[in-house]
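Here's the structure we're looking at; comments come further down.
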Amino acid sequence: MPKPLRTLIVEDSENDAELLLRALRQAGYEPIHERVESAQALRAALAGQDWDLIISDYSLPGFNGLEALKLVRDQGDDIPFIIVSGSIGEDIAVAAMKAGAHDYIMKGNIARLMPAIERELKEADVRRERWRAEEQSRYLAHTDPVTDLPNRVRFHEQVQQAVATSVRGGRPMALLLMDLERFKEVNDTLGHKHGDQLLRQVGQRLRDALFSPDTVARLGGDEFGILLPRLASVEDVAIVCKKILAVFDEPIVIVDIPVAVETSIGVALAPEHADNADNLMQQADMAMYRAKKSGGGYVVYAPEYNPYNPQRLALMAELRDAIEHNQLLLHFQPMVDIKSRRILGNEALVRWQHPRHGLLAPDKFIGAAEHTGLIAPLSRWVLVDALSHCQGARREGIDLRVSVNLSARSLHDPHLPEMVENALTTTGAEPGRLTLEITESAIMLDPKRAEETLTRLSRMGIRLSIDDFGTGYTSLASIARLPINEIKIDKSFVAGMLTGKSDATIVRSVIELAHNLGLAVVAEGVETQETFDALAALGCDEAQGYFISKPQACEPLKSWFPASCWKLGAAG
Ligand code: C2E
Ligand code: MG
Ligand code: MG
């Protein structure tokens with residue numbers, strides 16, 4: 001079967017063209033050809049269809065091979081271009097090759113023609129293949145494979161462009177970040193495949209709800225970005241947010257199960273809130289966090305949400321002093337072994353006794369400390385204070401473990417293991433008495449580095465615990481690789497386990513899976529006898545919460561121990 005070959009011949013002599021065609025046919029091709037002899041005809045032929053090959057004479061009346069070549073290359077075409085000429089000199093041949101001809105052949109040496117054509121066609125195939133692969137990888141680099149929406153990288157570029165245009169023209173634009181509540185529940189109960197299905201449907205509903213030029217992207221996990229590059233007025237953003245929230249009024253059906261989708265949206269506006277993409281993303285993120293905390297819906301950014309705002313910064317300046325002048329203090333909350341009803345240890349929870357604002361809870365200053373570099377001295381202070389209380393109590397015959405919370409920033413601080421080592425040496429506490437609590441999200445920030453750090457800490461004999469388990473996106477399977485000893489089920493699931501069927505399912509399956517992996521399970525936020533009993537029935541190992549005791553300062557806690565109904569220390 002002759003192979004069809006779309007061949008464009010730039011040649012004034014019909015006879016010479018016929019010779020070329022004959023050579024092609026003899027070599028097994030079926031040339032679909034056209035012969036042109038002027039620039040104008042060449043242009044028309046190029047515009048008319050795609051060509052596999054161009055064979056050009058050098059000298060034509062009023063036109064030549066070099067001009068033909070330039071015309072082809074100017075159009076951006078990289079088609080194999082071979083000059084066949086009776087009169088070409090060495091200098092012109094070199095010029096032709098420099099200008100991008102693939103080969104030149106003397107008319108008297110037509111035997112060379114076919115091998116040259118074969119070679120050039122093969123190379124063109126390779127070029128095309130490479131181009132296709134590059135296109136594909138460009139596409140993949142900018143597209144989320146699950147939803148087919150633009151990914152974070154692409155979205156960031158789009159935001160950059162939109163912010164620049166908005167700042168230049170003074171016309172408002174909005175950036176929305178949207179997060180799904182409890183997406184993890186779907187993933188855990190229905191499996192990742194169905195989790196992906198849910199994400200696709202969420203993406204589709206968002207796309208359907210918006211008009212061009214608004215764009216939707218999936219930024220990772222259950223986070224979506226929406227860009228409204230041209231707002232008629234700032235007020236319009238409220239309308240769009242309500243519309244987006246409304247598209248999730250109807251549950252999404254996954255394998256016949258209607259899944260209620262709740263979302264939190266954070267909004268930031270340019271040029272009002274920021275004049276660059278990074279700041280705008282950060283502000284939308286802060287607003288989204290607010291929306292999440294207030295139970296969903298949408299929140300438009302306001303400067304007071306910003307940890308960098310002047311009031312927060314003033315507080316941070318004071319925090320530095322507070323760490324140095326012992327205004328921080330620890331409260332301790334007991335953790336009890338459910339079966340033996342014995343107190344095994346306490347969790348240290350930091351507070352700030354502020355001279356004007358009173359006793360501040362950690363959420364008032366930990367986040368900001370993370371952003372200002374104060375988290376390292378704060379973590380060090382907490383660790384040393386917790387361990388010295390632990391040692392002090394031990395000298396009084398109260399031998400309990402102590403759990404210390406580590407923020408994400410501290411986990412990724414390369415000096416963490418040394419810092420912990422120092423704290424143990426300074427206080428003389430045994431490593432086995434210390435448990436470090438890390439959140440899933442802290443690990444996910446950089447799983448590889450987290451694994452290295454955790455391995456070092458574990459080798460030192462320190463216990464490791466995953467705090468607030470269930471609120472992030474880690475699966476227990478991914479934790480299995482880490483040297484973790486315990487999992488603390490987040491209090492939101494524990495609180496809902498008696499009333500919410502899905503919370504009860506999550507608590508039960510976390511306990512089962514964790515036990516299969518040899519991990520101890522602590523339930524936090526246990527507020528009632530009923531919850532305690534339900535956890536006991538599920539085989540949960542330890543409980544912590546107001547039902548047992550609120551967090552208390554060290555001295556009151558020591559007097560509480562003997563008065564309480566819980567026995568002290570591990571049995572035997
Ligand atoms: P967490 O580690 O999950 O601590 C448990 C939080 O739940 C504590 O809030 C505790 O007071 C509260 N809680 C305990 N039992 C119950 C209960 O039965 N019901 C309810 N509703 N809540 C209960 P707190 O002390 O405000 O601490 C909040 C978070 O701040 C902690 O969550 C922890 O992530 C962080 N944190 C506390 N101390 C430190 C610290 O020294 N360093 C770092 N990096 N973070 C800390
Ligand atoms: Mg904790
Ligand atoms: Mg917790």
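Identifiers in the structure tokens: chain A, B, ... in order shown; residue index from 1 per chain; ligand index from 1 in order shown.
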
Quiz item: Tell me, which residues of segment 298-510 of chain A carry DSSP strand (DSSP E or B), written as a ChimeraX atom specification?
Solution: /A:298-300,328-337,342-354,358-360,401-405,434-439,463-469,486-489

Selected residues written out with C-alpha atoms, as a JSON list (two decimals), in the first residue's frame:
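Printed below is part_26.json as written:
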[["chain", "number", "residue", "atom", "x", "y", "z"],
["A", 298, "TYR", "CA", -18.88, 33.38, 53.47],
["A", 299, "VAL", "CA", -16.73, 36.05, 55.06],
["A", 300, "VAL", "CA", -15.18, 39.03, 53.31],
["A", 328, "LEU", "CA", 2.98, 32.61, 80.36],
["A", 329, "LEU", "CA", 1.65, 29.75, 82.40],
["A", 330, "LEU", "CA", 0.58, 26.21, 81.82],
["A", 331, "HIS", "CA", -2.70, 24.60, 82.69],
["A", 332, "PHE", "CA", -2.80, 20.85, 82.81],
["A", 333, "GLN", "CA", -5.64, 18.59, 81.80],
["A", 334, "PRO", "CA", -5.61, 14.95, 82.91],
["A", 335, "MET", "CA", -5.92, 12.05, 80.50],
["A", 336, "VAL", "CA", -7.35, 8.87, 82.00],
["A", 337, "ASP", "CA", -7.11, 5.24, 81.06],
["A", 342, "ARG", "CA", -6.38, 5.77, 86.26],
["A", 343, "ILE", "CA", -4.84, 9.10, 85.35],
["A", 344, "LEU", "CA", -1.84, 8.37, 83.13],
["A", 345, "GLY", "CA", -0.74, 11.87, 82.26],
["A", 346, "ASN", "CA", -1.66, 15.49, 81.65],
["A", 347, "GLU", "CA", -1.74, 17.68, 78.61],
["A", 348, "ALA", "CA", 0.02, 21.01, 79.07],
["A", 349, "LEU", "CA", -2.01, 23.88, 77.62],
["A", 350, "VAL", "CA", -0.44, 27.30, 77.51],
["A", 351, "ARG", "CA", -2.10, 30.52, 78.68],
["A", 352, "TRP", "CA", -0.92, 34.11, 78.79],
["A", 353, "GLN", "CA", -1.61, 36.11, 81.91],
["A", 354, "HIS", "CA", -1.75, 39.46, 80.15],
["A", 358, "GLY", "CA", -6.46, 39.09, 81.45],
["A", 359, "LEU", "CA", -5.95, 35.37, 80.86],
["A", 360, "LEU", "CA", -5.57, 34.78, 77.12],
["A", 401, "ARG", "CA", 3.37, 11.60, 81.67],
["A", 402, "VAL", "CA", 3.07, 15.04, 80.17],
["A", 403, "SER", "CA", 1.86, 15.88, 76.66],
["A", 404, "VAL", "CA", 3.06, 19.05, 74.96],
["A", 405, "ASN", "CA", 1.54, 20.54, 71.80],
["A", 434, "LEU", "CA", 7.12, 13.17, 77.32],
["A", 435, "THR", "CA", 4.51, 12.96, 74.57],
["A", 436, "LEU", "CA", 4.61, 15.47, 71.74],
["A", 437, "GLU", "CA", 1.28, 16.26, 70.06],
["A", 438, "ILE", "CA", 1.40, 17.15, 66.40],
["A", 439, "THR", "CA", -1.52, 17.88, 64.12],
["A", 463, "ARG", "CA", 6.12, 9.35, 72.55],
["A", 464, "LEU", "CA", 4.39, 10.92, 69.56],
["A", 465, "SER", "CA", 0.71, 11.67, 69.19],
["A", 466, "ILE", "CA", -1.48, 12.94, 66.36],
["A", 467, "ASP", "CA", -3.71, 15.68, 67.77],
["A", 468, "ASP", "CA", -7.15, 16.65, 66.48],
["A", 469, "PHE", "CA", -7.25, 13.54, 64.32],
["A", 486, "GLU", "CA", -1.12, 7.52, 69.76],
["A", 487, "ILE", "CA", -4.01, 9.24, 68.06],
["A", 488, "LYS", "CA", -6.27, 11.82, 69.64],
["A", 489, "ILE", "CA", -9.70, 11.88, 68.05]]

Quiz prompt | Close residues to ligand 1 using only C-alpha atoms and all ligand atoms, limit 7 Å, as a VMD selection string | solution = chain A and resid 348 to 350 361 to 363 366 379 382 404 to 407 467 to 468 490 to 491 524 to 527 544 to 547 550 to 551

Would you export the selected residues with C-alpha atoms as a compact mmCIF listing (two decimals), in the first residue's frame, please?
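Generated file (again_29.txt):
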# COMPACT_ATOMS: atom_id res chain seq x y z
CA ALA A 348 0.02 21.01 79.07
CA LEU A 349 -2.01 23.88 77.62
CA VAL A 350 -0.44 27.30 77.51
CA ALA A 361 -6.33 31.40 75.53
CA PRO A 362 -3.75 29.94 73.12
CA ASP A 363 -5.80 30.67 70.00
CA ILE A 366 -0.23 30.91 69.01
CA SER A 379 7.72 26.20 72.38
CA VAL A 382 6.37 25.44 77.27
CA VAL A 404 3.06 19.05 74.96
CA ASN A 405 1.54 20.54 71.80
CA LEU A 406 3.86 21.39 68.96
CA SER A 407 2.86 23.90 66.33
CA ASP A 467 -3.71 15.68 67.77
CA ASP A 468 -7.15 16.65 66.48
CA ASP A 490 -10.77 15.46 67.58
CA LYS A 491 -13.34 16.73 70.05
CA GLU A 524 -10.56 14.49 73.56
CA GLY A 525 -13.47 16.70 74.58
CA VAL A 526 -15.27 14.04 76.63
CA GLU A 527 -17.90 16.08 78.42
CA GLN A 544 -9.69 13.64 78.24
CA GLY A 545 -12.26 16.37 78.73
CA TYR A 546 -14.42 18.40 81.05
CA PHE A 547 -16.14 15.21 82.26
CA LYS A 550 -11.08 21.13 82.98
CA PRO A 551 -7.49 22.23 82.43

Practice problem: Could you tell me which of A:Gln282, A:Thr427, A:Asp179, A:Ser410 comes closest to Gly297 of chain A if we count only C-alpha atoms? | Solution: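 Residue with the minimum atom-to-atom distance to Gly297 of chain A: A:Asp179.
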
Quiz item: Which residues, written as a list in words, have at least one atom at most 7 Å from segment 158-169 of chain A, with only C-alpha atoms counted and residues fewer than 3 positions away on the same chain left out?
Solution: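 Using only C-alpha atoms, the neighbours found are Arg154, Phe155, Pro172, Met173, Leu227, Pro229, Ala270, Pro271, Asp275, Asn276 and Ala277 of chain A.
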
Self-check item: helix (DSSP H, G or I) call set, DSSP backbone run, segment 241-423 of chain A, as a PyMOL selection string
Solution: chain A and resi 241-246+277-293+303-305+310-324+362-364+366-372+375-395+408-411+416-423

Practice problem: Tell me which protein, DNA and RNA residues are within 12 Å of Asn516 of chain A, counting only C-alpha atoms, leaving out same-chain ones fewer than 6 positions away, and put them as a ChimeraX atom specification. | Solution: /A:476-477,480,509-510

Go ahead and save the picked residues with C-alpha atoms, as a JSON list (two decimals), in the first residue's frame.
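What ended up in again_25.json:
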[["chain", "number", "residue", "atom", "x", "y", "z"],
["A", 476, "LEU", "CA", -4.48, 6.33, 58.93],
["A", 477, "ALA", "CA", -2.64, 4.37, 56.27],
["A", 480, "ALA", "CA", 1.25, 3.92, 59.54],
["A", 509, "SER", "CA", -13.61, 3.25, 62.68],
["A", 510, "VAL", "CA", -10.72, 5.41, 63.90]]

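Of the residues listed (A:Gln49, A:Ser441, A:Ser85, A:Ser478), A:Gln49 shows the shortest atom-to-atom separation from Arg6 of chain A; distances use only C-alpha atoms.
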
Taking 6 positions as the minimum chain separation for residues in the same chain, which residues sit within 9 Å of Ala96 of chain A when counting only C-alpha atoms? Answer as a tab-separated table (two decimals) with N, CA, C and O atoms, in the first residue's frame.
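Written output follows (part-v8.tsv):
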chain	number	residue	atom	x	y	z
A	65	GLY	N	14.46	29.72	-3.72
A	65	GLY	CA	14.28	28.74	-2.65
A	65	GLY	C	14.44	29.34	-1.26
A	65	GLY	O	13.73	28.96	-0.32
A	66	LEU	N	15.40	30.29	-1.11
A	66	LEU	CA	15.62	30.90	0.20
A	66	LEU	C	14.40	31.72	0.63
A	66	LEU	O	13.99	31.69	1.80
A	69	LEU	N	11.71	29.42	1.65
A	69	LEU	CA	12.00	28.89	2.97
A	69	LEU	C	11.63	29.90	4.06
A	69	LEU	O	11.00	29.57	5.06
A	83	ILE	N	15.78	21.59	-0.41
A	83	ILE	CA	16.02	22.31	-1.66
A	83	ILE	C	16.66	21.36	-2.67
A	83	ILE	O	17.64	20.67	-2.35
A	102	HIS	N	16.19	21.77	5.64
A	102	HIS	CA	16.62	20.54	6.27
A	102	HIS	C	17.70	19.84	5.46
A	102	HIS	O	18.49	19.08	5.98
A	103	ASP	N	17.69	20.09	4.15
A	103	ASP	CA	18.75	19.49	3.33
A	103	ASP	C	18.74	20.17	1.97
A	103	ASP	O	17.78	20.85	1.62
A	104	TYR	N	19.80	20.00	1.22
A	104	TYR	CA	19.79	20.44	-0.17
A	104	TYR	C	20.41	19.34	-1.01
A	104	TYR	O	21.30	18.63	-0.58

Quiz item: Between A:Ala268, A:Ala23, A:Met419, A:Ile55, which one has atoms that come closest to Cys241 of chain A, using only C-alpha atoms?
Solution: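 Smallest distance to Cys241 of chain A is found for A:Ala268.
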
Practice problem: For atom CA of Val521 of chain A and atom CA of Asp541 of chain A, determine how far apart the two atoms are, in Å to one decimal place. | Solution: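 Atom CA of Val521 of chain A sits 5.3 Å away from atom CA of Asp541 of chain A.
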
Quiz item: Of the candidates A:Cys565, A:Ala523, A:Lys122, A:Ala536, which one gets nearest to ligand 2 if we count only C-alpha atoms and all ligand atoms?
Solution: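 Using only C-alpha atoms and all ligand atoms, the shortest distance to ligand 2 belongs to A:Ala523.
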
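Atom to atom, atom CA of Leu219 of chain A and atom CA of Asn151 of chain A stand 5.5 Å apart.
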
Exercise. Write out as a VMD selection string each polymer residue whose atoms come within 12 Å of His412 of chain A, counting only C-alpha atoms; drop sequence neighbours fewer than 6 positions from it.
Key: chain A and resid 370 375 to 376 406 438 441 to 454

Just all heavy atoms for this one: save the residues we selected as a compact mmCIF listing (two decimals), in the first residue's frame.
# COMPACT_ATOMS: atom_id res chain seq x y z
N GLU A 370 3.32 32.03 65.48
CA GLU A 370 3.86 31.23 64.37
C GLU A 370 4.32 32.13 63.23
O GLU A 370 5.26 31.81 62.53
CB GLU A 370 2.78 30.29 63.83
CG GLU A 370 2.58 29.06 64.65
CD GLU A 370 2.27 27.87 63.77
OE1 GLU A 370 1.23 27.91 63.10
OE2 GLU A 370 3.07 26.91 63.75
N ILE A 375 7.47 31.60 67.87
CA ILE A 375 7.00 30.28 68.24
C ILE A 375 8.13 29.42 68.80
O ILE A 375 7.90 28.62 69.71
CB ILE A 375 6.28 29.58 67.05
CG1 ILE A 375 5.46 28.41 67.54
CG2 ILE A 375 7.24 29.16 65.97
CD1 ILE A 375 4.26 28.77 68.37
N ALA A 376 9.37 29.64 68.32
CA ALA A 376 10.48 28.81 68.83
C ALA A 376 10.72 29.08 70.32
O ALA A 376 10.71 28.14 71.12
CB ALA A 376 11.74 29.03 68.00
N LEU A 406 2.85 20.76 69.81
CA LEU A 406 3.86 21.39 68.96
C LEU A 406 3.16 22.04 67.78
O LEU A 406 2.32 21.41 67.13
CB LEU A 406 4.79 20.32 68.38
CG LEU A 406 6.03 19.94 69.15
CD1 LEU A 406 6.90 19.09 68.23
CD2 LEU A 406 6.79 21.16 69.61
N ILE A 438 1.24 16.46 67.68
CA ILE A 438 1.40 17.15 66.40
C ILE A 438 0.10 17.00 65.64
O ILE A 438 -0.53 15.95 65.71
CB ILE A 438 2.51 16.50 65.55
CG1 ILE A 438 3.77 16.30 66.38
CG2 ILE A 438 2.82 17.28 64.32
CD1 ILE A 438 4.15 14.87 66.51
N SER A 441 -2.23 18.34 59.92
CA SER A 441 -1.91 19.35 58.91
C SER A 441 -0.45 19.76 59.01
O SER A 441 0.18 20.07 58.00
CB SER A 441 -2.83 20.56 59.02
OG SER A 441 -2.93 20.94 60.36
N ALA A 442 0.11 19.75 60.23
CA ALA A 442 1.53 20.08 60.38
C ALA A 442 2.38 19.06 59.64
O ALA A 442 3.34 19.41 58.97
CB ALA A 442 1.90 20.12 61.85
N ILE A 443 1.98 17.80 59.71
CA ILE A 443 2.74 16.76 59.02
C ILE A 443 2.61 16.94 57.52
O ILE A 443 3.57 16.88 56.77
CB ILE A 443 2.23 15.36 59.44
CG1 ILE A 443 2.55 15.14 60.91
CG2 ILE A 443 2.84 14.27 58.57
CD1 ILE A 443 2.00 13.87 61.49
N MET A 444 1.37 17.23 57.09
CA MET A 444 1.12 17.30 55.65
C MET A 444 1.84 18.47 54.98
O MET A 444 2.03 18.47 53.77
CB MET A 444 -0.38 17.40 55.37
CG MET A 444 -1.15 16.14 55.71
SD MET A 444 -0.23 14.64 55.38
CE MET A 444 -0.47 14.54 53.61
N LEU A 445 2.23 19.48 55.76
CA LEU A 445 2.95 20.61 55.18
C LEU A 445 4.21 20.14 54.46
O LEU A 445 4.60 20.70 53.44
CB LEU A 445 3.39 21.57 56.29
CG LEU A 445 2.41 22.65 56.72
CD1 LEU A 445 3.05 23.51 57.78
CD2 LEU A 445 2.01 23.49 55.51
N ASP A 446 4.86 19.15 55.01
CA ASP A 446 6.08 18.62 54.41
C ASP A 446 6.29 17.22 54.96
O ASP A 446 7.08 17.01 55.88
CB ASP A 446 7.26 19.55 54.76
CG ASP A 446 8.53 19.14 54.03
OD1 ASP A 446 8.55 18.02 53.46
OD2 ASP A 446 9.51 19.90 54.06
N PRO A 447 5.54 16.25 54.41
CA PRO A 447 5.51 14.91 55.00
C PRO A 447 6.90 14.27 55.12
O PRO A 447 7.17 13.58 56.09
CB PRO A 447 4.64 14.11 54.04
CG PRO A 447 3.85 15.11 53.29
CD PRO A 447 4.68 16.35 53.23
N LYS A 448 7.76 14.55 54.14
CA LYS A 448 9.05 13.89 54.16
C LYS A 448 9.88 14.38 55.34
O LYS A 448 10.47 13.62 56.09
CB LYS A 448 9.78 14.16 52.84
CG LYS A 448 10.76 13.09 52.52
CD LYS A 448 11.29 13.17 51.10
CE LYS A 448 12.59 12.41 51.04
NZ LYS A 448 13.70 13.11 51.67
N ARG A 449 9.92 15.72 55.47
CA ARG A 449 10.71 16.29 56.56
C ARG A 449 10.11 15.90 57.91
O ARG A 449 10.82 15.61 58.86
CB ARG A 449 10.77 17.81 56.43
CG ARG A 449 12.10 18.23 56.92
CD ARG A 449 12.60 19.57 56.80
NE ARG A 449 11.79 20.60 57.36
CZ ARG A 449 11.83 21.83 56.90
NH1 ARG A 449 12.60 22.12 55.90
NH2 ARG A 449 11.10 22.75 57.44
N ALA A 450 8.76 15.91 57.98
CA ALA A 450 8.10 15.53 59.23
C ALA A 450 8.52 14.12 59.61
O ALA A 450 8.84 13.85 60.77
CB ALA A 450 6.59 15.62 59.05
N GLU A 451 8.57 13.23 58.61
CA GLU A 451 8.93 11.84 58.91
C GLU A 451 10.34 11.76 59.49
O GLU A 451 10.59 11.05 60.47
CB GLU A 451 8.82 11.00 57.63
CG GLU A 451 9.00 9.53 57.90
CD GLU A 451 8.81 8.66 56.65
OE1 GLU A 451 8.33 9.18 55.62
OE2 GLU A 451 9.15 7.48 56.72
N GLU A 452 11.25 12.54 58.90
CA GLU A 452 12.63 12.53 59.40
C GLU A 452 12.69 13.01 60.85
O GLU A 452 13.31 12.39 61.72
CB GLU A 452 13.52 13.44 58.55
CG GLU A 452 13.90 12.81 57.22
CD GLU A 452 14.45 13.85 56.23
OE1 GLU A 452 14.88 14.95 56.70
OE2 GLU A 452 14.43 13.56 55.03
N THR A 453 12.02 14.15 61.10
CA THR A 453 12.05 14.72 62.45
C THR A 453 11.40 13.77 63.45
O THR A 453 11.94 13.53 64.53
CB THR A 453 11.30 16.07 62.46
OG1 THR A 453 11.85 16.88 61.43
CG2 THR A 453 11.45 16.76 63.79
N LEU A 454 10.24 13.23 63.07
CA LEU A 454 9.54 12.34 63.99
C LEU A 454 10.36 11.09 64.29
O LEU A 454 10.39 10.61 65.42
CB LEU A 454 8.16 11.96 63.42
CG LEU A 454 7.19 13.15 63.27
CD1 LEU A 454 5.88 12.69 62.67
CD2 LEU A 454 6.94 13.81 64.62

Practice problem: Give the answer as one residue: which of A:Glu123, A:Glu430, A:Glu181, A:Asp249 has the shortest atom-to-atom distance to Ala291 of chain A, using only C-alpha atoms? | Solution: A:Glu181

Quiz item: To one decimal place, how far is atom CA of Leu8 of chain A from atom CA of Leu53 of chain A in Å?
Solution: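 Between atom CA of Leu8 of chain A and atom CA of Leu53 of chain A the gap is 6.3 Å.
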
Self-check item: Residues near segment 263-265 of chain A, cut-off 12 Å, only C-alpha atoms, skip fewer than 3 positions along chain, as a ChimeraX atom specification
Solution: /A:174-183,202,206,222-226,237-238,240-249,260,268,283-301

Practice problem: Using only C-alpha atoms, pick whichever of A:His515, A:Arg171, A:Arg200, A:Arg433 has the shortest atom-to-atom distance to Leu387 of chain A. | Solution: A:Arg433
